[in-house]
Amino acid sequence: MKLQQIQGEFQIQLEDEKTAHIIWEAIKPEIENSPSTRSKMKIKLEDKTILLKIESRDSTAFRAAMNSTLRWIKLAYDIIKL
Amino acid sequence: MKLQQIQGEFQIQLEDEKTAHIIWEAIKPEIENSPSTRSKMKIKLEDKTILLKIESRDSTAFRAAMNSTLRWIKLAYDIIKL
Amino acid sequence: MLCLGIEGTAEKTGIGIVDDKGNILSSIGKSLIPSTGGIHPREAAEHHSKHIPELLKEAFEEAGVEAKDIDLVAFSQGPGLGPALRTVATAARTIALTLGIPIVGVNHCIGHIEIGRLTTGAEDPVSLYVSGGNTQVIAFEENRYRVFGETLDIAIGNMLDQFSREVGMGHPGGPKVEELAEKSSNYIRLPYTVKGMDLAFSGLLTAALRKYETGAELEDLCYSLQETAFSMLVEVTERALAHTKKREVLLCGGVAVNKRLRTMLEKMCDGHYAKFFMPPPEYCGDNGAMIAWLGQLTYKYKGPDRIEDTTIIQRYRTDQVDIPWMEETKEKLELP
Ligand SMILES: Nc1ncnc2c1ncn2[C@@H]1O[C@H](COP(=O)(O)O)[C@@H](O)[C@H]1O
Ligand SMILES: [Mg+2]
């Protein structure tokens, strides 16, 4: 799909700041040097909420970036809760 | 993942208003009465950009809603471009 | 001191817990059986992220320890499939941050060698590492593991899997090919490709498939595939043994469990008065214990990685890593 542009802003609110901070620090290295040239990602932490911004030229790249990021967040969360 | 809450706002910019309008109208029914109780979706059209808002209590539901919506949009787009 | 290792470079993910003396307290894994075609990287990533949390719990139970008893976390940093590696790296960072313990990224291929040395007692072997994703002949020289020979195209495990899939025998192919090969001794000529110390398997694969399409017996083809591919592996290993003057050969990787390959290698070793070693089957293929043990060695000599430096190395070469612990073994060997 050669649409102009697709971008999304996500807020993932965790139950406490410690959990949010661990998840943020655990996934940041992957977000900041993702090999994909077809989408750009930025991540920020505000108290107990992770802010994620994804921008892509096509929906496939956007979905790939979003799915992998949310997968990592869920994985990190499931490990912390062990 | 029983995190507090996950929500995302998306802007999908099409190349012209006509395409945007057709896609918006095509997928609106799916969005507005989507069976899933685990996530809420809203959709709006502004010129040639589709605005989508998704809110869910867990990341799996959010990913499902997100992926299906983007699949519909791509499908509608590909059909228009036939 | 306990190290928890996480493996996940391809379709298999594994957790291992090993202490600094080399006692393996637990090693648990789970493999993704690909539905169709080869292993899709994102499917592997999804599989790993789904199973790592439960495998962690099982590993703690098997080792009889709790999360708070872990002092170090190690993970397979490469080589491998990008999405799978990044999932494992994220899991490892989460554990390090949650437990407040150090983290080290390690090389998957070197993990195979070190768990082989640990479980067999081999000191300084020529290693033939044959798996689904890798085919390398490796030996220690001047502070590093050097790759003396490797595949120029696909790994031998991958070749066997592709052949098996194309003829409808399903995944993984190795065991199925081995089973049928035992029923035949009728050799069909197939391309034998050794270039210097390197090998190539895709020509062998295409030739075998073409013979299959023109009606050759499947048992004969499985027999001929093994005889040709394994002879190539033995030749390159023999060359490395002669060149390095080592006295030991270590066979590792998932393909090592093949009896025919073992027999052929043992025969070659006898001819060179070299000792043959192979780890127990559960440590031949990809596993978490090898990552945990290599994590212990790496941490002891090189210390921890900084969290921000734990990004993956997708094409991580075996000879990119300094191996200080082998120097000690070398000195020990040279004592009169
Ligand atoms: N008995 C066997 N003979 C030959 N190859 C095998 C055998 N068992 C497993 N394999 C191969 O080993 C590879 C998996 O090993 P690994 O990548 O180390 O986990 C796959 O390609 C399998 O086809
Ligand atoms: Mg391996």
# chains A, B, ... in the order shown; residues from 1 in each chain; ligands from 1
$ residues_near_ligand --ligand "ligand 1" --cutoff "8 Å" --atoms "only C-alpha atoms and all ligand atoms" --output "PDB file with all heavy atoms, in the first residue's frame"
ATOM      1  N   ALA C  10      17.370 -19.211  16.794  1.00  0.00           N
ATOM      2  CA  ALA C  10      16.565 -19.726  15.667  1.00  0.00           C
ATOM      3  C   ALA C  10      15.207 -20.173  16.183  1.00  0.00           C
ATOM      4  O   ALA C  10      14.622 -19.471  16.991  1.00  0.00           O
ATOM      5  CB  ALA C  10      17.320 -20.874  15.002  1.00  0.00           C
ATOM      6  N   GLU C  11      14.763 -21.347  15.783  1.00  0.00           N
ATOM      7  CA  GLU C  11      13.380 -21.742  16.123  1.00  0.00           C
ATOM      8  C   GLU C  11      13.271 -22.356  17.519  1.00  0.00           C
ATOM      9  O   GLU C  11      12.198 -22.603  18.034  1.00  0.00           O
ATOM     10  CB  GLU C  11      12.827 -22.705  15.074  1.00  0.00           C
ATOM     11  CG  GLU C  11      13.257 -24.140  15.192  1.00  0.00           C
ATOM     12  CD  GLU C  11      14.685 -24.393  14.697  1.00  0.00           C
ATOM     13  OE1 GLU C  11      15.394 -23.427  14.386  1.00  0.00           O
ATOM     14  OE2 GLU C  11      15.068 -25.569  14.660  1.00  0.00           O
ATOM     15  N   LYS C  12      14.442 -22.577  18.154  1.00  0.00           N
ATOM     16  CA  LYS C  12      14.412 -23.206  19.484  1.00  0.00           C
ATOM     17  C   LYS C  12      14.735 -22.161  20.538  1.00  0.00           C
ATOM     18  O   LYS C  12      15.672 -21.372  20.350  1.00  0.00           O
ATOM     19  CB  LYS C  12      15.506 -24.292  19.496  1.00  0.00           C
ATOM     20  CG  LYS C  12      15.161 -25.539  20.250  1.00  0.00           C
ATOM     21  CD  LYS C  12      16.284 -26.564  20.101  1.00  0.00           C
ATOM     22  CE  LYS C  12      16.093 -27.475  18.895  1.00  0.00           C
ATOM     23  NZ  LYS C  12      17.146 -28.504  18.798  1.00  0.00           N
ATOM     24  N   VAL C 130      27.819 -28.617  13.451  1.00  0.00           N
ATOM     25  CA  VAL C 130      26.886 -28.850  12.334  1.00  0.00           C
ATOM     26  C   VAL C 130      25.452 -28.765  12.862  1.00  0.00           C
ATOM     27  O   VAL C 130      25.052 -29.533  13.734  1.00  0.00           O
ATOM     28  CB  VAL C 130      27.123 -30.238  11.691  1.00  0.00           C
ATOM     29  CG1 VAL C 130      28.250 -30.175  10.673  1.00  0.00           C
ATOM     30  CG2 VAL C 130      27.428 -31.311  12.741  1.00  0.00           C
ATOM     31  N   SER C 131      24.684 -27.761  12.336  1.00  0.00           N
ATOM     32  CA  SER C 131      23.330 -27.588  12.875  1.00  0.00           C
ATOM     33  C   SER C 131      22.385 -27.154  11.777  1.00  0.00           C
ATOM     34  O   SER C 131      22.744 -27.168  10.596  1.00  0.00           O
ATOM     35  CB  SER C 131      23.369 -26.514  13.955  1.00  0.00           C
ATOM     36  OG  SER C 131      23.553 -25.243  13.352  1.00  0.00           O
ATOM     37  N   GLY C 132      21.209 -26.704  12.186  1.00  0.00           N
ATOM     38  CA  GLY C 132      20.214 -26.249  11.220  1.00  0.00           C
ATOM     39  C   GLY C 132      20.667 -24.985  10.517  1.00  0.00           C
ATOM     40  O   GLY C 132      20.412 -24.794   9.338  1.00  0.00           O
ATOM     41  N   GLY C 133      21.368 -24.142  11.287  1.00  0.00           N
ATOM     42  CA  GLY C 133      21.714 -22.845  10.707  1.00  0.00           C
ATOM     43  C   GLY C 133      23.193 -22.626  10.479  1.00  0.00           C
ATOM     44  O   GLY C 133      23.583 -21.641   9.872  1.00  0.00           O
ATOM     45  N   ASN C 134      24.028 -23.547  10.989  1.00  0.00           N
ATOM     46  CA  ASN C 134      25.479 -23.320  10.886  1.00  0.00           C
ATOM     47  C   ASN C 134      26.219 -24.585  10.496  1.00  0.00           C
ATOM     48  O   ASN C 134      25.796 -25.688  10.863  1.00  0.00           O
ATOM     49  CB  ASN C 134      26.026 -22.849  12.253  1.00  0.00           C
ATOM     50  CG  ASN C 134      25.427 -21.500  12.674  1.00  0.00           C
ATOM     51  OD1 ASN C 134      25.723 -20.470  12.083  1.00  0.00           O
ATOM     52  ND2 ASN C 134      24.549 -21.532  13.674  1.00  0.00           N
ATOM     53  N   ILE C 156      24.279 -27.714   6.726  1.00  0.00           N
ATOM     54  CA  ILE C 156      23.906 -29.107   6.397  1.00  0.00           C
ATOM     55  C   ILE C 156      22.531 -29.458   6.983  1.00  0.00           C
ATOM     56  O   ILE C 156      21.700 -30.091   6.323  1.00  0.00           O
ATOM     57  CB  ILE C 156      24.975 -30.112   6.875  1.00  0.00           C
ATOM     58  CG1 ILE C 156      24.523 -31.536   6.543  1.00  0.00           C
ATOM     59  CG2 ILE C 156      25.269 -29.969   8.367  1.00  0.00           C
ATOM     60  CD1 ILE C 156      25.600 -32.567   6.625  1.00  0.00           C
ATOM     61  N   GLY C 157      22.235 -29.007   8.196  1.00  0.00           N
ATOM     62  CA  GLY C 157      20.920 -29.291   8.788  1.00  0.00           C
ATOM     63  C   GLY C 157      19.814 -28.698   7.928  1.00  0.00           C
ATOM     64  O   GLY C 157      18.793 -29.334   7.658  1.00  0.00           O
ATOM     65  N   ASN C 158      20.062 -27.481   7.464  1.00  0.00           N
ATOM     66  CA  ASN C 158      19.084 -26.803   6.607  1.00  0.00           C
ATOM     67  C   ASN C 158      18.894 -27.588   5.309  1.00  0.00           C
ATOM     68  O   ASN C 158      17.759 -27.785   4.842  1.00  0.00           O
ATOM     69  CB  ASN C 158      19.637 -25.391   6.310  1.00  0.00           C
ATOM     70  CG  ASN C 158      18.636 -24.539   5.563  1.00  0.00           C
ATOM     71  OD1 ASN C 158      17.633 -25.036   5.065  1.00  0.00           O
ATOM     72  ND2 ASN C 158      18.907 -23.264   5.481  1.00  0.00           N
ATOM     73  N   MET C 159      19.995 -28.109   4.741  1.00  0.00           N
ATOM     74  CA  MET C 159      19.913 -28.884   3.504  1.00  0.00           C
ATOM     75  C   MET C 159      19.041 -30.122   3.720  1.00  0.00           C
ATOM     76  O   MET C 159      18.135 -30.405   2.943  1.00  0.00           O
ATOM     77  CB  MET C 159      21.322 -29.294   3.056  1.00  0.00           C
ATOM     78  CG  MET C 159      21.386 -30.037   1.738  1.00  0.00           C
ATOM     79  SD  MET C 159      21.268 -31.829   1.911  1.00  0.00           S
ATOM     80  CE  MET C 159      22.930 -32.180   2.512  1.00  0.00           C
ATOM     81  N   LEU C 160      19.287 -30.836   4.823  1.00  0.00           N
ATOM     82  CA  LEU C 160      18.504 -32.045   5.120  1.00  0.00           C
ATOM     83  C   LEU C 160      17.031 -31.685   5.340  1.00  0.00           C
ATOM     84  O   LEU C 160      16.121 -32.395   4.880  1.00  0.00           O
ATOM     85  CB  LEU C 160      19.071 -32.748   6.353  1.00  0.00           C
ATOM     86  CG  LEU C 160      20.497 -33.297   6.199  1.00  0.00           C
ATOM     87  CD1 LEU C 160      21.044 -33.761   7.545  1.00  0.00           C
ATOM     88  CD2 LEU C 160      20.555 -34.427   5.187  1.00  0.00           C
ATOM     89  N   ASP C 161      16.786 -30.552   6.005  1.00  0.00           N
ATOM     90  CA  ASP C 161      15.393 -30.139   6.256  1.00  0.00           C
ATOM     91  C   ASP C 161      14.682 -29.785   4.953  1.00  0.00           C
ATOM     92  O   ASP C 161      13.524 -30.154   4.745  1.00  0.00           O
ATOM     93  CB  ASP C 161      15.362 -28.918   7.199  1.00  0.00           C
ATOM     94  CG  ASP C 161      15.844 -29.275   8.603  1.00  0.00           C
ATOM     95  OD1 ASP C 161      15.789 -30.481   8.955  1.00  0.00           O
ATOM     96  OD2 ASP C 161      16.312 -28.368   9.313  1.00  0.00           O
ATOM     97  N   HIS C 171       9.270 -31.818   8.922  1.00  0.00           N
ATOM     98  CA  HIS C 171      10.369 -31.153   9.636  1.00  0.00           C
ATOM     99  C   HIS C 171      10.519 -31.756  11.025  1.00  0.00           C
ATOM    100  O   HIS C 171       9.526 -32.085  11.656  1.00  0.00           O
ATOM    101  CB  HIS C 171      10.004 -29.665   9.786  1.00  0.00           C
ATOM    102  CG  HIS C 171      11.082 -28.850  10.438  1.00  0.00           C
ATOM    103  ND1 HIS C 171      12.106 -28.294   9.724  1.00  0.00           N
ATOM    104  CD2 HIS C 171      11.327 -28.545  11.726  1.00  0.00           C
ATOM    105  CE1 HIS C 171      12.910 -27.638  10.534  1.00  0.00           C
ATOM    106  NE2 HIS C 171      12.469 -27.783  11.777  1.00  0.00           N
ATOM    107  N   PRO C 172      11.711 -31.879  11.629  1.00  0.00           N
ATOM    108  CA  PRO C 172      13.012 -31.692  11.007  1.00  0.00           C
ATOM    109  C   PRO C 172      13.382 -32.879  10.120  1.00  0.00           C
ATOM    110  O   PRO C 172      12.953 -34.010  10.400  1.00  0.00           O
ATOM    111  CB  PRO C 172      13.965 -31.564  12.192  1.00  0.00           C
ATOM    112  CG  PRO C 172      13.292 -32.287  13.315  1.00  0.00           C
ATOM    113  CD  PRO C 172      11.822 -32.225  13.072  1.00  0.00           C
ATOM    114  N   GLY C 173      14.178 -32.607   9.135  1.00  0.00           N
ATOM    115  CA  GLY C 173      14.471 -33.596   8.111  1.00  0.00           C
ATOM    116  C   GLY C 173      15.553 -34.579   8.514  1.00  0.00           C
ATOM    117  O   GLY C 173      15.515 -35.749   8.134  1.00  0.00           O
ATOM    118  N   GLY C 174      16.526 -34.109   9.313  1.00  0.00           N
ATOM    119  CA  GLY C 174      17.683 -34.943   9.630  1.00  0.00           C
ATOM    120  C   GLY C 174      17.339 -36.355  10.079  1.00  0.00           C
ATOM    121  O   GLY C 174      17.792 -37.336   9.474  1.00  0.00           O
ATOM    122  N   PRO C 175      16.529 -36.458  11.141  1.00  0.00           N
ATOM    123  CA  PRO C 175      16.220 -37.805  11.644  1.00  0.00           C
ATOM    124  C   PRO C 175      15.535 -38.677  10.596  1.00  0.00           C
ATOM    125  O   PRO C 175      15.784 -39.882  10.515  1.00  0.00           O
ATOM    126  CB  PRO C 175      15.284 -37.537  12.815  1.00  0.00           C
ATOM    127  CG  PRO C 175      15.475 -36.114  13.182  1.00  0.00           C
ATOM    128  CD  PRO C 175      15.894 -35.406  11.937  1.00  0.00           C
ATOM    129  N   LYS C 176      14.703 -38.065   9.753  1.00  0.00           N
ATOM    130  CA  LYS C 176      13.955 -38.839   8.739  1.00  0.00           C
ATOM    131  C   LYS C 176      14.915 -39.356   7.659  1.00  0.00           C
ATOM    132  O   LYS C 176      14.842 -40.511   7.243  1.00  0.00           O
ATOM    133  CB  LYS C 176      12.870 -37.965   8.130  1.00  0.00           C
ATOM    134  CG  LYS C 176      11.913 -37.417   9.209  1.00  0.00           C
ATOM    135  CD  LYS C 176      10.547 -37.078   8.729  1.00  0.00           C
ATOM    136  CE  LYS C 176       9.580 -36.819   9.876  1.00  0.00           C
ATOM    137  NZ  LYS C 176       9.941 -35.632  10.722  1.00  0.00           N
ATOM    138  N   VAL C 177      15.840 -38.465   7.261  1.00  0.00           N
ATOM    139  CA  VAL C 177      16.827 -38.888   6.262  1.00  0.00           C
ATOM    140  C   VAL C 177      17.675 -40.022   6.841  1.00  0.00           C
ATOM    141  O   VAL C 177      17.930 -41.032   6.184  1.00  0.00           O
ATOM    142  CB  VAL C 177      17.727 -37.685   5.851  1.00  0.00           C
ATOM    143  CG1 VAL C 177      18.912 -38.159   5.023  1.00  0.00           C
ATOM    144  CG2 VAL C 177      16.918 -36.651   5.101  1.00  0.00           C
ATOM    145  N   GLU C 178      18.064 -39.901   8.101  1.00  0.00           N
ATOM    146  CA  GLU C 178      18.914 -40.924   8.732  1.00  0.00           C
ATOM    147  C   GLU C 178      18.185 -42.275   8.760  1.00  0.00           C
ATOM    148  O   GLU C 178      18.745 -43.312   8.434  1.00  0.00           O
ATOM    149  CB  GLU C 178      19.285 -40.514  10.161  1.00  0.00           C
ATOM    150  CG  GLU C 178      20.150 -41.568  10.866  1.00  0.00           C
ATOM    151  CD  GLU C 178      20.681 -41.135  12.221  1.00  0.00           C
ATOM    152  OE1 GLU C 178      20.021 -40.293  12.884  1.00  0.00           O
ATOM    153  OE2 GLU C 178      21.760 -41.625  12.615  1.00  0.00           O
ATOM    154  N   GLU C 179      16.912 -42.218   9.117  1.00  0.00           N
ATOM    155  CA  GLU C 179      16.112 -43.442   9.237  1.00  0.00           C
ATOM    156  C   GLU C 179      16.053 -44.188   7.887  1.00  0.00           C
ATOM    157  O   GLU C 179      16.317 -45.375   7.801  1.00  0.00           O
ATOM    158  CB  GLU C 179      14.706 -43.013   9.656  1.00  0.00           C
ATOM    159  CG  GLU C 179      13.875 -44.048  10.380  1.00  0.00           C
ATOM    160  CD  GLU C 179      12.458 -43.497  10.587  1.00  0.00           C
ATOM    161  OE1 GLU C 179      12.337 -42.359  11.114  1.00  0.00           O
ATOM    162  OE2 GLU C 179      11.511 -44.162  10.141  1.00  0.00           O
ATOM    163  N   CYS C 252      29.655 -31.193  17.456  1.00  0.00           N
ATOM    164  CA  CYS C 252      28.520 -30.585  18.184  1.00  0.00           C
ATOM    165  C   CYS C 252      27.531 -29.948  17.215  1.00  0.00           C
ATOM    166  O   CYS C 252      27.804 -29.835  16.031  1.00  0.00           O
ATOM    167  CB  CYS C 252      29.033 -29.561  19.190  1.00  0.00           C
ATOM    168  SG  CYS C 252      30.086 -28.302  18.474  1.00  0.00           S
ATOM    169  N   GLY C 253      26.381 -29.543  17.733  1.00  0.00           N
ATOM    170  CA  GLY C 253      25.275 -29.035  16.904  1.00  0.00           C
ATOM    171  C   GLY C 253      24.256 -30.152  16.721  1.00  0.00           C
ATOM    172  O   GLY C 253      24.577 -31.335  16.921  1.00  0.00           O
ATOM    173  N   GLY C 254      23.045 -29.788  16.356  1.00  0.00           N
ATOM    174  CA  GLY C 254      21.950 -30.755  16.294  1.00  0.00           C
ATOM    175  C   GLY C 254      22.213 -31.941  15.383  1.00  0.00           C
ATOM    176  O   GLY C 254      21.710 -33.037  15.609  1.00  0.00           O
ATOM    177  N   VAL C 255      23.026 -31.735  14.340  1.00  0.00           N
ATOM    178  CA  VAL C 255      23.275 -32.828  13.377  1.00  0.00           C
ATOM    179  C   VAL C 255      24.206 -33.884  13.992  1.00  0.00           C
ATOM    180  O   VAL C 255      24.287 -35.008  13.516  1.00  0.00           O
ATOM    181  CB  VAL C 255      23.870 -32.257  12.064  1.00  0.00           C
ATOM    182  CG1 VAL C 255      24.174 -33.347  11.056  1.00  0.00           C
ATOM    183  CG2 VAL C 255      22.918 -31.231  11.466  1.00  0.00           C
ATOM    184  N   ALA C 256      24.862 -33.542  15.098  1.00  0.00           N
ATOM    185  CA  ALA C 256      25.843 -34.447  15.724  1.00  0.00           C
ATOM    186  C   ALA C 256      25.192 -35.753  16.175  1.00  0.00           C
ATOM    187  O   ALA C 256      25.868 -36.777  16.316  1.00  0.00           O
ATOM    188  CB  ALA C 256      26.499 -33.750  16.923  1.00  0.00           C
ATOM    189  N   VAL C 257      23.871 -35.731  16.386  1.00  0.00           N
ATOM    190  CA  VAL C 257      23.228 -36.953  16.901  1.00  0.00           C
ATOM    191  C   VAL C 257      23.126 -38.024  15.825  1.00  0.00           C
ATOM    192  O   VAL C 257      22.705 -39.141  16.076  1.00  0.00           O
ATOM    193  CB  VAL C 257      21.819 -36.654  17.477  1.00  0.00           C
ATOM    194  CG1 VAL C 257      21.911 -35.670  18.652  1.00  0.00           C
ATOM    195  CG2 VAL C 257      20.884 -36.129  16.405  1.00  0.00           C
ATOM    196  N   ASN C 258      23.582 -37.703  14.597  1.00  0.00           N
ATOM    197  CA  ASN C 258      23.495 -38.681  13.504  1.00  0.00           C
ATOM    198  C   ASN C 258      24.559 -39.775  13.684  1.00  0.00           C
ATOM    199  O   ASN C 258      25.763 -39.471  13.741  1.00  0.00           O
ATOM    200  CB  ASN C 258      23.685 -37.960  12.164  1.00  0.00           C
ATOM    201  CG  ASN C 258      23.513 -38.896  10.982  1.00  0.00           C
ATOM    202  OD1 ASN C 258      24.329 -39.808  10.762  1.00  0.00           O
ATOM    203  ND2 ASN C 258      22.455 -38.707  10.241  1.00  0.00           N
ATOM    204  N   LYS C 259      24.133 -41.035  13.729  1.00  0.00           N
ATOM    205  CA  LYS C 259      25.075 -42.134  14.029  1.00  0.00           C
ATOM    206  C   LYS C 259      26.111 -42.303  12.917  1.00  0.00           C
ATOM    207  O   LYS C 259      27.302 -42.509  13.169  1.00  0.00           O
ATOM    208  CB  LYS C 259      24.296 -43.435  14.224  1.00  0.00           C
ATOM    209  CG  LYS C 259      23.566 -43.493  15.585  1.00  0.00           C
ATOM    210  CD  LYS C 259      23.055 -44.874  15.920  1.00  0.00           C
ATOM    211  CE  LYS C 259      21.798 -45.248  15.098  1.00  0.00           C
ATOM    212  NZ  LYS C 259      20.710 -44.256  15.206  1.00  0.00           N
ATOM    213  N   CYS C 284      23.831 -31.213  22.400  1.00  0.00           N
ATOM    214  CA  CYS C 284      24.321 -31.081  21.010  1.00  0.00           C
ATOM    215  C   CYS C 284      23.589 -29.949  20.313  1.00  0.00           C
ATOM    216  O   CYS C 284      24.198 -29.040  19.779  1.00  0.00           O
ATOM    217  CB  CYS C 284      24.071 -32.379  20.240  1.00  0.00           C
ATOM    218  SG  CYS C 284      25.244 -33.665  20.657  1.00  0.00           S
ATOM    219  N   GLY C 285      22.248 -29.997  20.372  1.00  0.00           N
ATOM    220  CA  GLY C 285      21.449 -28.952  19.701  1.00  0.00           C
ATOM    221  C   GLY C 285      21.426 -27.685  20.527  1.00  0.00           C
ATOM    222  O   GLY C 285      22.092 -27.596  21.560  1.00  0.00           O
ATOM    223  N   ASP C 286      20.659 -26.706  20.072  1.00  0.00           N
ATOM    224  CA  ASP C 286      20.594 -25.418  20.770  1.00  0.00           C
ATOM    225  C   ASP C 286      19.996 -25.604  22.165  1.00  0.00           C
ATOM    226  O   ASP C 286      18.979 -26.284  22.320  1.00  0.00           O
ATOM    227  CB  ASP C 286      19.717 -24.442  19.974  1.00  0.00           C
ATOM    228  CG  ASP C 286      20.381 -24.100  18.636  1.00  0.00           C
ATOM    229  OD1 ASP C 286      21.549 -24.495  18.435  1.00  0.00           O
ATOM    230  OD2 ASP C 286      19.732 -23.471  17.785  1.00  0.00           O
ATOM    231  N   ASN C 287      20.648 -25.025  23.167  1.00  0.00           N
ATOM    232  CA  ASN C 287      20.157 -25.154  24.557  1.00  0.00           C
ATOM    233  C   ASN C 287      20.598 -23.961  25.386  1.00  0.00           C
ATOM    234  O   ASN C 287      21.544 -23.262  25.019  1.00  0.00           O
ATOM    235  CB  ASN C 287      20.685 -26.467  25.151  1.00  0.00           C
ATOM    236  CG  ASN C 287      22.221 -26.463  25.263  1.00  0.00           C
ATOM    237  OD1 ASN C 287      22.776 -25.945  26.229  1.00  0.00           O
ATOM    238  ND2 ASN C 287      22.903 -26.992  24.255  1.00  0.00           N
TER     239      ASN C 287
END
$ interface_residues --of "chain C" --to "chain A" --cutoff "10 Å" --atoms "only C-alpha atoms" --output "PyMOL selection string"
chain C and resi 42+45-46+48-54+56-57+67+82-83+86-99+307-312
$ select_by_dssp --residues "chain A" --states "strand (DSSP E or B)" --output "list in words"
Gln5, Ile6, Gln7, Gly8, Glu9, Phe10, Gln11, Ile12, Gln13, Ser39, Lys40, Met41, Lys42, Ile43, Lys44, Leu45, Glu46, Thr49, Ile50, Leu51, Leu52, Lys53, Ile54, Glu55 and Ser56 of chain A
$ write_last_selection --atoms "N, CA, C and O atoms" --output "short mmCIF file (atom, residue, chain, number, x, y, z; two decimals), in the first residue's frame"
data_model
loop_
_atom_site.label_atom_id
_atom_site.label_comp_id
_atom_site.auth_asym_id
_atom_site.auth_seq_id
_atom_site.Cartn_x
_atom_site.Cartn_y
_atom_site.Cartn_z
N GLN A 5 1.54 8.07 4.21
CA GLN A 5 2.29 8.02 5.47
C GLN A 5 1.36 7.52 6.57
O GLN A 5 0.17 7.80 6.54
N ILE A 6 1.91 6.73 7.47
CA ILE A 6 1.06 6.24 8.57
C ILE A 6 1.83 6.44 9.86
O ILE A 6 3.04 6.14 9.92
N GLN A 7 1.20 7.04 10.85
CA GLN A 7 1.93 7.20 12.12
C GLN A 7 0.99 7.02 13.28
O GLN A 7 -0.23 7.22 13.15
N GLY A 8 1.57 6.60 14.40
CA GLY A 8 0.73 6.32 15.58
C GLY A 8 1.45 6.70 16.85
O GLY A 8 2.68 6.64 16.92
N GLU A 9 0.67 7.18 17.81
CA GLU A 9 1.22 7.46 19.13
C GLU A 9 0.52 6.57 20.15
O GLU A 9 -0.71 6.51 20.16
N PHE A 10 1.33 5.88 20.94
CA PHE A 10 0.77 4.92 21.89
C PHE A 10 1.09 5.37 23.31
O PHE A 10 2.19 5.86 23.57
N GLN A 11 0.16 5.17 24.22
CA GLN A 11 0.44 5.35 25.66
C GLN A 11 0.17 4.01 26.34
O GLN A 11 -0.96 3.51 26.25
N ILE A 12 1.19 3.44 26.93
CA ILE A 12 1.01 2.18 27.64
C ILE A 12 1.19 2.48 29.12
O ILE A 12 2.30 2.82 29.57
N GLN A 13 0.10 2.38 29.86
CA GLN A 13 0.14 2.78 31.28
C GLN A 13 0.33 1.54 32.15
O GLN A 13 -0.46 0.60 32.08
N SER A 39 10.53 2.23 8.88
CA SER A 39 9.72 2.90 9.93
C SER A 39 10.65 3.49 10.98
O SER A 39 11.72 2.97 11.24
N LYS A 40 10.20 4.60 11.56
CA LYS A 40 10.99 5.30 12.58
C LYS A 40 10.24 5.14 13.91
O LYS A 40 9.00 5.23 13.93
N MET A 41 10.97 4.91 14.98
CA MET A 41 10.32 4.75 16.28
C MET A 41 10.98 5.62 17.33
O MET A 41 12.20 5.80 17.31
N LYS A 42 10.18 6.14 18.24
CA LYS A 42 10.74 6.91 19.37
C LYS A 42 10.03 6.43 20.63
O LYS A 42 8.85 6.08 20.59
N ILE A 43 10.75 6.43 21.74
CA ILE A 43 10.15 5.96 22.99
C ILE A 43 10.50 6.92 24.13
O ILE A 43 11.61 7.45 24.17
N LYS A 44 9.51 7.15 25.01
CA LYS A 44 9.74 8.04 26.16
C LYS A 44 9.05 7.44 27.37
O LYS A 44 8.12 6.65 27.23
N LEU A 45 9.50 7.84 28.55
CA LEU A 45 8.86 7.36 29.78
C LEU A 45 8.36 8.55 30.57
O LEU A 45 9.10 9.51 30.78
N GLU A 46 7.10 8.48 30.96
CA GLU A 46 6.56 9.55 31.82
C GLU A 46 5.87 8.89 33.00
O GLU A 46 4.79 8.28 32.83
N THR A 49 3.88 5.67 32.60
CA THR A 49 3.38 5.46 31.23
C THR A 49 4.52 5.50 30.23
O THR A 49 5.39 6.37 30.29
N ILE A 50 4.51 4.51 29.33
CA ILE A 50 5.49 4.48 28.23
C ILE A 50 4.85 5.11 27.01
O ILE A 50 3.73 4.75 26.64
N LEU A 51 5.54 6.11 26.44
CA LEU A 51 5.02 6.78 25.24
C LEU A 51 5.82 6.29 24.05
O LEU A 51 7.04 6.31 24.06
N LEU A 52 5.09 5.84 23.03
CA LEU A 52 5.74 5.26 21.86
C LEU A 52 5.23 5.96 20.62
O LEU A 52 4.04 6.25 20.53
N LYS A 53 6.15 6.31 19.72
CA LYS A 53 5.72 6.95 18.46
C LYS A 53 6.30 6.13 17.31
O LYS A 53 7.49 5.83 17.29
N ILE A 54 5.43 5.74 16.36
CA ILE A 54 5.91 4.97 15.20
C ILE A 54 5.44 5.68 13.93
O ILE A 54 4.30 6.12 13.85
N GLU A 55 6.34 5.79 12.97
CA GLU A 55 6.01 6.46 11.70
C GLU A 55 6.52 5.58 10.57
O GLU A 55 7.68 5.15 10.61
N SER A 56 5.67 5.31 9.57
CA SER A 56 6.13 4.46 8.45
C SER A 56 5.52 4.92 7.16
O SER A 56 4.51 5.62 7.15
#
$ select_by_dssp --residues "chain B" --states "alpha helix (DSSP H)" --output "PyMOL selection string"
chain B and resi 17-32+59-80
$ closest_residue --among "B:Asp47, B:Arg38, B:Glu17, B:Thr60" --to "chain A" --atoms "only C-alpha atoms"
B:Thr60
$ residues_around --residues "Gly116 in chain C" --least-positions-apart "2" --cutoff "9 Å" --atoms "only C-alpha atoms" --output "JSON, numbers by chain"
{"C": [111, 112, 113, 114, 118, 119, 120, 121, 122, 127, 250, 251, 252, 277, 278, 279, 280, 283, 284, 290]}
$ residues_around --residues "Leu70 in chain B" --least-positions-apart "4" --cutoff "8 Å" --atoms "only C-alpha atoms" --output "list of chain:residue names"
A:Ser59, A:Arg63, B:Met66, B:Lys74
$ closest_residue --among "C:Ser164, C:Thr13, C:Thr206, C:Thr151" --to "ligand 2" --atoms "only C-alpha atoms and all ligand atoms"
C:Thr13
